[in-house]
$ cat run-v3.txt   # compact mmCIF, C-alpha atoms
# COMPACT_ATOMS: atom_id res chain seq x y z
CA ARG J 1471 -18.65 -23.78 14.03
CA ASP J 1472 -15.50 -24.64 15.98
CA LEU J 1473 -14.75 -20.91 15.86
CA ASN J 1474 -18.27 -20.02 17.01
CA HIS J 1475 -19.21 -18.61 13.63
CA ASP J 1476 -22.32 -19.51 11.68
CA VAL J 1477 -20.90 -20.81 8.40
CA LEU J 1478 -22.94 -23.13 6.18
CA TYR J 1479 -21.31 -25.64 3.84
CA TYR J 1480 -23.13 -27.20 0.89
CA GLN J 1481 -21.76 -30.36 -0.67
CA GLU J 1482 -23.36 -29.37 -3.94
CA PRO J 1483 -22.59 -25.77 -4.99
CA ILE J 1484 -25.56 -23.41 -4.82
CA LYS J 1485 -26.20 -20.84 -7.53
CA TYR J 1486 -26.64 -17.31 -6.33
CA LYS J 1487 -26.03 -14.88 -9.19
CA LEU J 1488 -26.22 -14.55 -12.96
CA ASN J 1489 -23.81 -12.18 -14.70
CA ILE J 1490 -24.43 -11.14 -18.29
CA VAL J 1491 -21.58 -9.39 -20.10
CA LYS J 1492 -21.86 -8.80 -23.85
CA ASP J 1493 -24.43 -11.56 -24.24
CA GLN J 1494 -22.19 -13.96 -22.33
CA LYS J 1495 -23.84 -15.54 -19.31
CA GLU J 1496 -21.91 -16.48 -16.19
CA ILE J 1497 -23.58 -18.34 -13.34
CA LEU J 1498 -21.90 -17.80 -9.99
CA SER J 1499 -22.08 -20.57 -7.42
CA THR J 1500 -20.46 -21.42 -4.10
CA ASN J 1501 -20.38 -24.03 -1.37
CA PHE J 1502 -20.34 -21.48 1.44
CA ARG J 1503 -22.63 -19.04 3.18
CA ILE J 1504 -22.02 -17.13 6.39
CA HIS J 1505 -24.47 -15.31 8.63
CA TYR J 1506 -24.33 -11.58 8.03
CA THR J 1507 -23.50 -10.77 11.68
CA ASP J 1508 -20.44 -13.00 11.53
CA TYR J 1509 -19.55 -11.60 8.12
CA LEU J 1510 -19.62 -8.07 9.50
CA SER J 1511 -17.54 -9.11 12.49
CA LEU J 1512 -14.87 -10.84 10.41
CA SER J 1513 -14.66 -8.23 7.65
CA SER J 1514 -14.78 -5.11 9.84
CA SER J 1515 -11.03 -4.48 9.60
CA LEU J 1516 -10.83 -5.17 5.85
CA ARG J 1517 -11.22 -1.92 3.93
CA ASP J 1518 -11.76 -3.19 0.39
CA ASP J 1519 -14.94 -1.70 -1.00
CA TYR J 1520 -16.09 -5.01 -2.50
CA ARG J 1521 -16.15 -6.56 0.98
CA ARG J 1522 -18.85 -4.21 2.22
CA LEU J 1523 -22.05 -6.05 3.08
CA VAL J 1524 -24.10 -4.05 0.56
CA ASN J 1525 -21.80 -5.24 -2.23
CA ASN J 1526 -22.29 -8.92 -1.49
CA PRO J 1527 -25.23 -11.21 -2.33
CA ILE J 1528 -27.30 -12.12 0.71
CA SER J 1529 -30.35 -14.30 1.25
CA GLU J 1530 -32.23 -15.19 4.44
CA GLY J 1531 -29.57 -13.45 6.49
CA TYR J 1532 -26.67 -15.40 4.97
CA VAL J 1533 -23.96 -13.95 2.74
CA PHE J 1534 -22.77 -15.99 -0.24
CA LEU J 1535 -19.01 -16.04 -0.52
CA SER J 1536 -16.32 -17.94 -2.38
CA ARG J 1537 -13.87 -20.32 -0.78
CA ASN J 1538 -11.03 -17.79 -1.18
CA ASN J 1539 -13.05 -15.01 0.44
CA LEU J 1540 -13.95 -17.28 3.34
CA ILE J 1541 -10.29 -18.19 3.80
CA ARG J 1542 -9.39 -14.48 3.84
CA LEU J 1543 -11.97 -13.80 6.55
CA LEU J 1544 -10.68 -16.70 8.63
CA GLN J 1545 -7.11 -15.46 8.20
CA GLU J 1546 -8.19 -12.12 9.61
CA TYR J 1547 -9.96 -13.85 12.51
CA ILE J 1548 -6.82 -15.84 13.36
CA ARG J 1549 -4.61 -12.76 13.04
CA ASN J 1550 -6.79 -10.82 15.45
CA LYS J 1551 -6.87 -13.75 17.88
CA ILE J 1552 -3.08 -14.00 17.87
CA LEU J 1553 -2.76 -10.27 18.50
CA GLU J 1554 -5.30 -10.56 21.31
CA ILE J 1555 -3.43 -13.44 22.93
CA LYS J 1556 -0.09 -11.72 22.45
CA SER J 1557 -1.31 -8.62 24.25
CA THR J 1558 -2.43 -10.64 27.27
CA ASP J 1559 -0.22 -13.72 27.39
CA GLN J 1560 3.03 -13.87 25.40
CA GLY J 1561 3.70 -17.33 26.85
CA ASN J 1562 0.71 -18.78 25.00
CA VAL J 1563 1.97 -17.32 21.72
CA ASP J 1564 5.38 -18.91 22.22
CA LYS J 1565 3.76 -22.22 23.12
CA MET J 1566 1.56 -22.12 20.02
CA ARG J 1567 4.56 -21.32 17.82
CA ASP J 1568 6.52 -24.26 19.26
CA GLN J 1569 3.59 -26.58 18.55
CA LEU J 1570 3.27 -25.32 14.99
CA LEU J 1571 6.98 -25.82 14.36
CA LYS J 1572 6.49 -29.54 15.01
CA ILE J 1573 4.19 -29.80 11.98
CA ASP J 1574 5.87 -31.22 8.89
CA GLY J 1575 6.83 -28.47 6.47
CA PHE J 1576 5.85 -25.63 8.79
CA ARG J 1577 9.40 -24.89 9.97
CA GLU J 1578 10.56 -24.46 6.39
CA ILE J 1579 7.77 -21.95 5.75
CA TYR J 1580 8.45 -20.23 9.07
CA ASP J 1581 12.19 -19.88 8.39
CA LYS J 1582 11.52 -18.55 4.89
CA ILE J 1583 9.11 -15.90 6.17
CA LEU J 1584 11.51 -15.00 8.98
CA ALA J 1585 14.36 -14.51 6.50
CA GLN J 1586 12.19 -12.29 4.31
CA TRP J 1587 11.09 -10.30 7.35
CA GLU J 1588 14.71 -9.66 8.36
CA VAL J 1589 15.30 -8.08 4.97
CA LYS J 1590 12.05 -6.09 5.14
CA LYS J 1591 12.88 -4.75 8.60
CA GLU J 1592 15.69 -2.75 7.07
CA GLU J 1593 13.19 -0.96 4.84
CA PHE J 1594 11.04 -0.13 7.87
CA GLU J 1595 14.08 1.54 9.40
CA TYR J 1596 13.75 4.19 6.71
CA SER J 1597 9.97 4.48 7.12
CA ILE J 1598 10.09 8.03 8.38
CA ASP J 1599 7.15 10.42 8.16
CA ILE J 1600 7.31 12.32 4.87
CA GLN J 1601 3.88 13.93 4.97
CA TYR J 1602 3.60 17.64 4.24
CA LYS J 1603 3.91 19.97 7.22
CA GLN J 1604 3.28 23.69 7.11
CA GLY J 1605 6.56 25.55 6.80
CA GLU J 1606 8.64 22.46 5.97
CA ASN J 1607 10.37 22.33 2.60
CA LEU J 1608 10.70 18.83 1.18
CA SER J 1609 11.57 19.87 -2.36
CA ASN J 1610 15.31 19.60 -1.72
CA ILE J 1611 14.94 15.84 -1.16
CA PHE J 1612 12.59 15.20 -4.07
CA PRO J 1613 13.75 12.68 -6.69
CA PRO J 1614 15.15 14.10 -9.95
CA CYS J 1615 12.04 13.07 -11.90
CA ILE J 1616 9.90 15.39 -9.78
CA LYS J 1617 12.50 18.16 -9.68
CA GLU J 1618 12.59 18.11 -13.47
CA ILE J 1619 8.81 18.52 -13.78
CA LEU J 1620 8.70 21.25 -11.12
CA SER J 1621 11.50 23.12 -12.87
CA LYS J 1622 9.63 23.02 -16.18
CA ALA J 1623 6.45 24.19 -14.46
CA ARG J 1624 8.22 27.14 -12.82
CA GLU J 1625 9.69 28.13 -16.19
CA GLY J 1626 6.21 28.12 -17.69
CA GLU J 1627 6.91 25.23 -20.04
CA ASN J 1628 4.00 23.12 -21.16
CA LEU J 1629 3.87 19.75 -19.39
CA GLU J 1630 2.99 16.43 -20.94
CA HIS J 1631 -0.17 14.75 -19.67
CA THR J 1632 1.89 11.98 -18.02
CA GLU J 1633 4.03 14.58 -16.24
CA ARG J 1634 0.99 16.39 -14.87
CA LEU J 1635 -0.62 13.21 -13.59
CA TYR J 1636 2.55 11.93 -11.96
CA LEU J 1637 3.21 15.27 -10.26
CA VAL J 1638 -0.34 15.41 -8.86
CA PHE J 1639 -0.20 11.80 -7.64
CA PHE J 1640 3.19 12.42 -6.02
CA LEU J 1641 2.19 15.60 -4.19
CA HIS J 1642 -1.08 14.03 -3.06
CA ALA J 1643 0.88 11.09 -1.62
CA LEU J 1644 2.80 13.59 0.50
CA GLU J 1645 -0.53 15.15 1.50
CA TYR J 1646 0.20 18.55 0.03
CA PRO J 1647 -2.83 20.86 0.33
CA SER J 1648 -4.85 20.91 -2.87
CA GLU J 1649 -4.39 24.67 -3.24
CA GLU J 1650 -0.61 24.27 -3.27
CA VAL J 1651 -0.85 21.49 -5.84
CA ILE J 1652 -3.03 23.72 -8.02
CA ASN J 1653 -0.61 26.63 -7.70
CA VAL J 1654 2.23 24.48 -9.04
CA PHE J 1655 0.50 24.60 -12.42
CA SER J 1656 -0.28 28.34 -12.32
CA SER J 1657 2.66 29.29 -14.57
CA LEU J 1658 1.68 26.89 -17.34
CA PRO J 1659 0.52 28.53 -20.58
CA ASP J 1660 -2.80 26.64 -20.60
CA PHE J 1661 -3.53 27.07 -16.88
CA ASP J 1662 -7.20 27.21 -15.96
CA ARG J 1663 -7.68 27.35 -12.20
CA GLU J 1664 -11.21 25.98 -12.15
CA LYS J 1665 -10.39 23.10 -14.47
CA THR J 1666 -7.15 22.32 -12.65
CA ALA J 1667 -8.90 22.40 -9.27
CA TYR J 1668 -11.48 19.91 -10.51
CA GLN J 1669 -8.82 17.53 -11.85
CA VAL J 1670 -6.67 17.79 -8.71
CA GLU J 1671 -9.64 17.09 -6.43
CA PHE J 1672 -10.79 14.23 -8.64
CA ALA J 1673 -7.37 12.57 -8.42
CA LYS J 1674 -7.37 13.07 -4.66
CA LYS J 1675 -10.77 11.43 -4.21
CA LYS J 1676 -9.72 8.50 -6.37
CA GLY J 1677 -6.62 7.99 -4.23
CA TYR J 1678 -4.25 7.52 -7.14
CA THR J 1679 -0.70 6.68 -6.11
CA PRO J 1680 2.55 7.82 -7.78
CA HIS J 1681 4.23 5.55 -10.31
CA SER J 1682 7.03 3.17 -9.41
CA CYS J 1683 10.51 3.73 -10.83
CA ASP J 1684 10.00 0.98 -13.42
CA THR J 1685 6.81 2.66 -14.65
CA LEU J 1686 8.53 6.04 -14.74
CA LYS J 1687 11.23 4.57 -16.96
CA SER J 1688 8.64 3.14 -19.32
CA LEU J 1689 7.00 6.59 -19.53
CA ASN J 1690 10.37 8.28 -20.13
CA LEU J 1691 9.94 10.27 -16.91
CA CYS J 1692 13.02 8.90 -15.13
CA MET J 1693 15.67 11.62 -14.91
CA ALA J 1694 18.33 9.73 -12.95
CA LYS J 1695 20.88 9.76 -15.77
CA LYS J 1696 20.18 13.33 -16.84
CA HIS J 1697 20.74 14.60 -13.29
CA ASN J 1698 23.44 12.01 -12.56
CA ASP J 1699 21.64 11.20 -9.32
CA LYS J 1700 23.83 8.80 -7.35
CA LEU J 1701 21.04 7.40 -5.16
CA CYS J 1702 18.87 6.62 -8.18
CA LEU J 1703 21.71 5.19 -10.25
CA GLU J 1704 23.60 3.25 -7.58
CA GLY J 1705 21.02 2.70 -4.85
CA TYR J 1706 22.02 2.35 -1.22
CA TYR J 1707 24.02 -0.14 0.80
CA SER J 1708 21.94 -2.82 2.50
CA LYS J 1709 23.48 -4.04 5.73
CA LYS J 1710 21.22 -7.10 5.75
CA LEU J 1711 22.06 -8.17 2.20
CA ASP J 1712 25.61 -6.80 2.25
CA GLU J 1713 25.10 -5.31 -1.20
CA GLN J 1714 23.78 -2.27 -3.02
CA LYS J 1715 20.00 -2.13 -3.24
CA LYS J 1716 18.13 -0.20 -5.91
CA ILE J 1717 15.54 2.48 -5.22
CA LYS J 1718 12.23 1.17 -6.57
CA HIS J 1719 9.86 4.01 -5.77
CA PRO J 1720 10.13 7.81 -5.69
CA LEU J 1721 8.45 8.01 -2.27
CA PHE J 1722 11.13 5.76 -0.80
CA TYR J 1723 13.69 8.13 -2.33
CA VAL J 1724 12.17 10.92 -0.22
CA GLN J 1725 12.01 8.71 2.87
CA PHE J 1726 15.61 7.61 2.53
CA ASN J 1727 16.91 11.16 2.07
CA LYS J 1728 14.88 12.50 4.97
CA TYR J 1729 16.11 9.66 7.18
CA LYS J 1730 19.71 10.31 6.12
CA ASN J 1731 19.38 14.04 6.84
CA LEU J 1732 17.84 13.31 10.23
CA LYS J 1733 20.68 10.96 11.18
CA THR J 1734 23.24 13.53 10.04
CA ARG J 1735 21.68 16.19 12.27
CA GLU J 1736 21.54 13.76 15.20
CA ASN J 1737 25.21 12.87 14.78
CA LEU J 1738 26.18 16.53 14.60
CA ALA J 1739 24.18 17.26 17.75
CA GLU J 1740 25.87 14.39 19.57
CA GLY J 1741 29.27 15.66 18.45
CA GLU J 1742 28.56 19.15 19.73
CA SER J 1743 27.33 17.90 23.09
CA SER J 1744 30.29 15.58 23.70

$ encode --input "run-v3.txt" --output "C-alpha cells"
Amino acid sequence: RDLNHDVLYYQEPIKYKLNIVKDQKEILSTNFRIHYTDYLSLSSSLRDDYRRLVNNPISEGYVFLSRNNLIRLLQEYIRNKILEIKSTDQGNVDKMRDQLLKIDGFREIYDKILAQWEVKKEEFEYSIDIQYKQGENLSNIFPPCIKEILSKAREGENLEHTERLYLVFFLHALEYPSEEVINVFSSLPDFDREKTAYQVEFAKKKGYTPHSCDTLKSLNLCMAKKHNDKLCLEGYYSKKLDEQKKIKHPLFYVQFNKYKNLKTRENLAEGESS
C-alpha cells in the first residue's frame, strides 16, 4: 500500500486452482492477491500472453499471483517511475543513485552491471536497421549458411526440412514480404504454392526466430568453413574487450556487415569532400 496499490497478503497461503495432468493433481496456492485495476496498470507494458488478465485466476475483483510475478510487476512499476523522474528531474535520479550506493553490497552490484553495460554498448553500436526495404538488396551481406540454402534453392535442389524452416525464419526476421519468401521456394522440385503459402504464413503468425550459430552448428547448417568466411571463423575486434569476439547469431552477421558497409561509404564521402 506504500505504492498506492491494492495488494493483499495472506500469512497462510490460499488455494486458488487445481491442475490435473495425467491423473496427477497439483494444487496452486499463493500469499498474494492484487486488485484487477492495479494489475492492469502494472502489467500494461508487459507483452507476455500469460500476463493478460483473462489468463489469470481472479475472484472478487482480485487477481491471484505468485511472489515472483508480483516482484516482476513491482520491478516494472519502479522502472517506469525512474523513467518518469528522469524525464522531469535528473537531479532526483542522481540523488537516489547516491543514496542507493551507500547500501551495503549495492555498489558491487552497480559496478558489475555497469561493467556489463559497457561491453553491451558496443553491440548496440552495430544495431543498425536491417529490415527489408523495397529495392534494397541485402543478399550480399547474408551469412554463408543462408547463401548456401539460397544457392541450392535457385539451382532447384531439394532442401532439407531444417533448411526450409531456417530460411523462412531468417527472412521473416528481416520482414521480407511473404510473397517473396514463397517465391524463394518456387524452383524446388516439390514446390506447391498453396501449401508453401500456408506454411510461410503459419511461421509468420507464430513469430518464430532464426536459429543461433550454436544451433546451426548442431543442425549441420553452419557453412563458415565451407565458404571460408572470415567474419564467421574469426569474429570481429572488440574495442571494449581488446580481443576478437565471435559472431553468435546470423542476424548480427547481417547487422555488422551493413554497419561496416555504411561506415565505409561515409568515410569515402568524407574523403571526397575534403

$ closest_residue --input "run-v3.txt" --among "J:Glu1606, J:Glu1671, J:Glu1625, J:Asp1476" --to "J:Thr1507" --atoms "all atoms listed in the file"
J:Asp1476

$ closest_residue --input "run-v3.txt" --among "J:Leu1544, J:Cys1683, J:Ile1619, J:Leu1629" --to "J:Asp1508" --atoms "only C-alpha atoms"
J:Leu1544

$ closest_residue --input "run-v3.txt" --among "J:Thr1679, J:Ser1514, J:Asn1727, J:Gln1481" --to "J:Leu1701" --atoms "only C-alpha atoms"
J:Asn1727

$ atom_distance --input "run-v3.txt" --atom1 "atom CA of J:Tyr1506" --atom2 "atom CA of J:Ser1557"
28.3 Å

$ closest_residue --input "run-v3.txt" --among "J:Gln1545, J:Ile1600, J:Glu1645, J:Ser1609" --to "J:Tyr1729" --atoms "only C-alpha atoms"
J:Ile1600

$ atom_distance --input "run-v3.txt" --atom1 "atom CA of J:Pro1613" --atom2 "atom CA of J:Gln1669"
23.7 Å

$ atom_distance --input "run-v3.txt" --atom1 "atom CA of J:Val1654" --atom2 "atom CA of J:Lys1718"
25.5 Å

$ closest_atom_pairs --input "run-v3.txt" --of "stretch 1609-1708 of chain J" --to "stretch 1713-1717 of chain J" --cutoff "12 Å" --atoms "all atoms listed in the file" --output "Markdown table"
| residue | atom | partner | partner_atom | distance |
| --- | --- | --- | --- | --- |
| J:Pro1613 | CA | J:Ile1717 | CA | 10.5 |
| J:Ser1682 | CA | J:Ile1717 | CA | 9.5 |
| J:Cys1683 | CA | J:Ile1717 | CA | 7.6 |
| J:Asp1684 | CA | J:Ile1717 | CA | 10.0 |
| J:Ala1694 | CA | J:Ile1717 | CA | 11.0 |
| J:Asp1699 | CA | J:Ile1717 | CA | 11.4 |
| J:Lys1700 | CA | J:Ile1717 | CA | 10.6 |
| J:Leu1701 | CA | J:Ile1717 | CA | 7.4 |
| J:Cys1702 | CA | J:Ile1717 | CA | 6.1 |
| J:Leu1703 | CA | J:Lys1716 | CA | 7.8 |
| J:Glu1704 | CA | J:Lys1716 | CA | 6.7 |
| J:Gly1705 | CA | J:Lys1716 | CA | 4.2 |
| J:Tyr1706 | CA | J:Gln1714 | CA | 5.3 |
| J:Tyr1707 | CA | J:Gln1714 | CA | 4.4 |
| J:Ser1708 | CA | J:Glu1713 | CA | 5.5 |

$ write_last_selection --input "run-v3.txt" --atoms "C-alpha atoms" --output "PDB file, in the frame of the given file"
ATOM      1  CA  PRO J1613      13.750  12.680  -6.690  1.00  0.00           C
ATOM      2  CA  SER J1682       7.030   3.170  -9.410  1.00  0.00           C
ATOM      3  CA  CYS J1683      10.510   3.730 -10.830  1.00  0.00           C
ATOM      4  CA  ASP J1684      10.000   0.980 -13.420  1.00  0.00           C
ATOM      5  CA  ALA J1694      18.330   9.730 -12.950  1.00  0.00           C
ATOM      6  CA  ASP J1699      21.640  11.200  -9.320  1.00  0.00           C
ATOM      7  CA  LYS J1700      23.830   8.800  -7.350  1.00  0.00           C
ATOM      8  CA  LEU J1701      21.040   7.400  -5.160  1.00  0.00           C
ATOM      9  CA  CYS J1702      18.870   6.620  -8.180  1.00  0.00           C
ATOM     10  CA  LEU J1703      21.710   5.190 -10.250  1.00  0.00           C
ATOM     11  CA  GLU J1704      23.600   3.250  -7.580  1.00  0.00           C
ATOM     12  CA  GLY J1705      21.020   2.700  -4.850  1.00  0.00           C
ATOM     13  CA  TYR J1706      22.020   2.350  -1.220  1.00  0.00           C
ATOM     14  CA  TYR J1707      24.020  -0.140   0.800  1.00  0.00           C
ATOM     15  CA  SER J1708      21.940  -2.820   2.500  1.00  0.00           C
TER      16      SER J1708
END

$ residues_near_point --input "run-v3.txt" --point "(0.8, 10.6, -3.9)" --cutoff "10 Å" --atoms "all atoms listed in the file" --output "ChimeraX atom specification"
/J:1601,1636-1646,1673-1674,1677-1681,1720-1721

$ closest_residue --input "run-v3.txt" --among "J:Phe1722, J:Tyr1509, J:Tyr1602, J:Trp1587" --to "J:Phe1534" --atoms "all atoms listed in the file"
J:Tyr1509

$ closest_residue --input "run-v3.txt" --among "J:Leu1488, J:Ile1541, J:Ile1652, J:Cys1615" --to "J:Cys1692" --atoms "all atoms listed in the file"
J:Cys1615

$ axis_aligned_box --input "run-v3.txt" --around "stretch 1482-1494 of chain J" --padding-each-side "8 Å" --output "JSON"
{"center_x": -24.1, "center_y": -19.1, "center_z": -14.1, "size_x": 21.1, "size_y": 36.6, "size_z": 36.3}

$ residues_around --input "run-v3.txt" --residues "J:Val1533" --least-positions-apart "6" --cutoff "10 Å" --atoms "all atoms listed in the file" --output "PyMOL selection string"
chain J and resi 1477-1478+1502-1510+1523+1526-1527

$ residues_around --input "run-v3.txt" --residues "J:Lys1485" --least-positions-apart "2" --cutoff "7 Å" --atoms "only C-alpha atoms" --output "PyMOL selection string"
chain J and resi 1483+1487+1497-1500
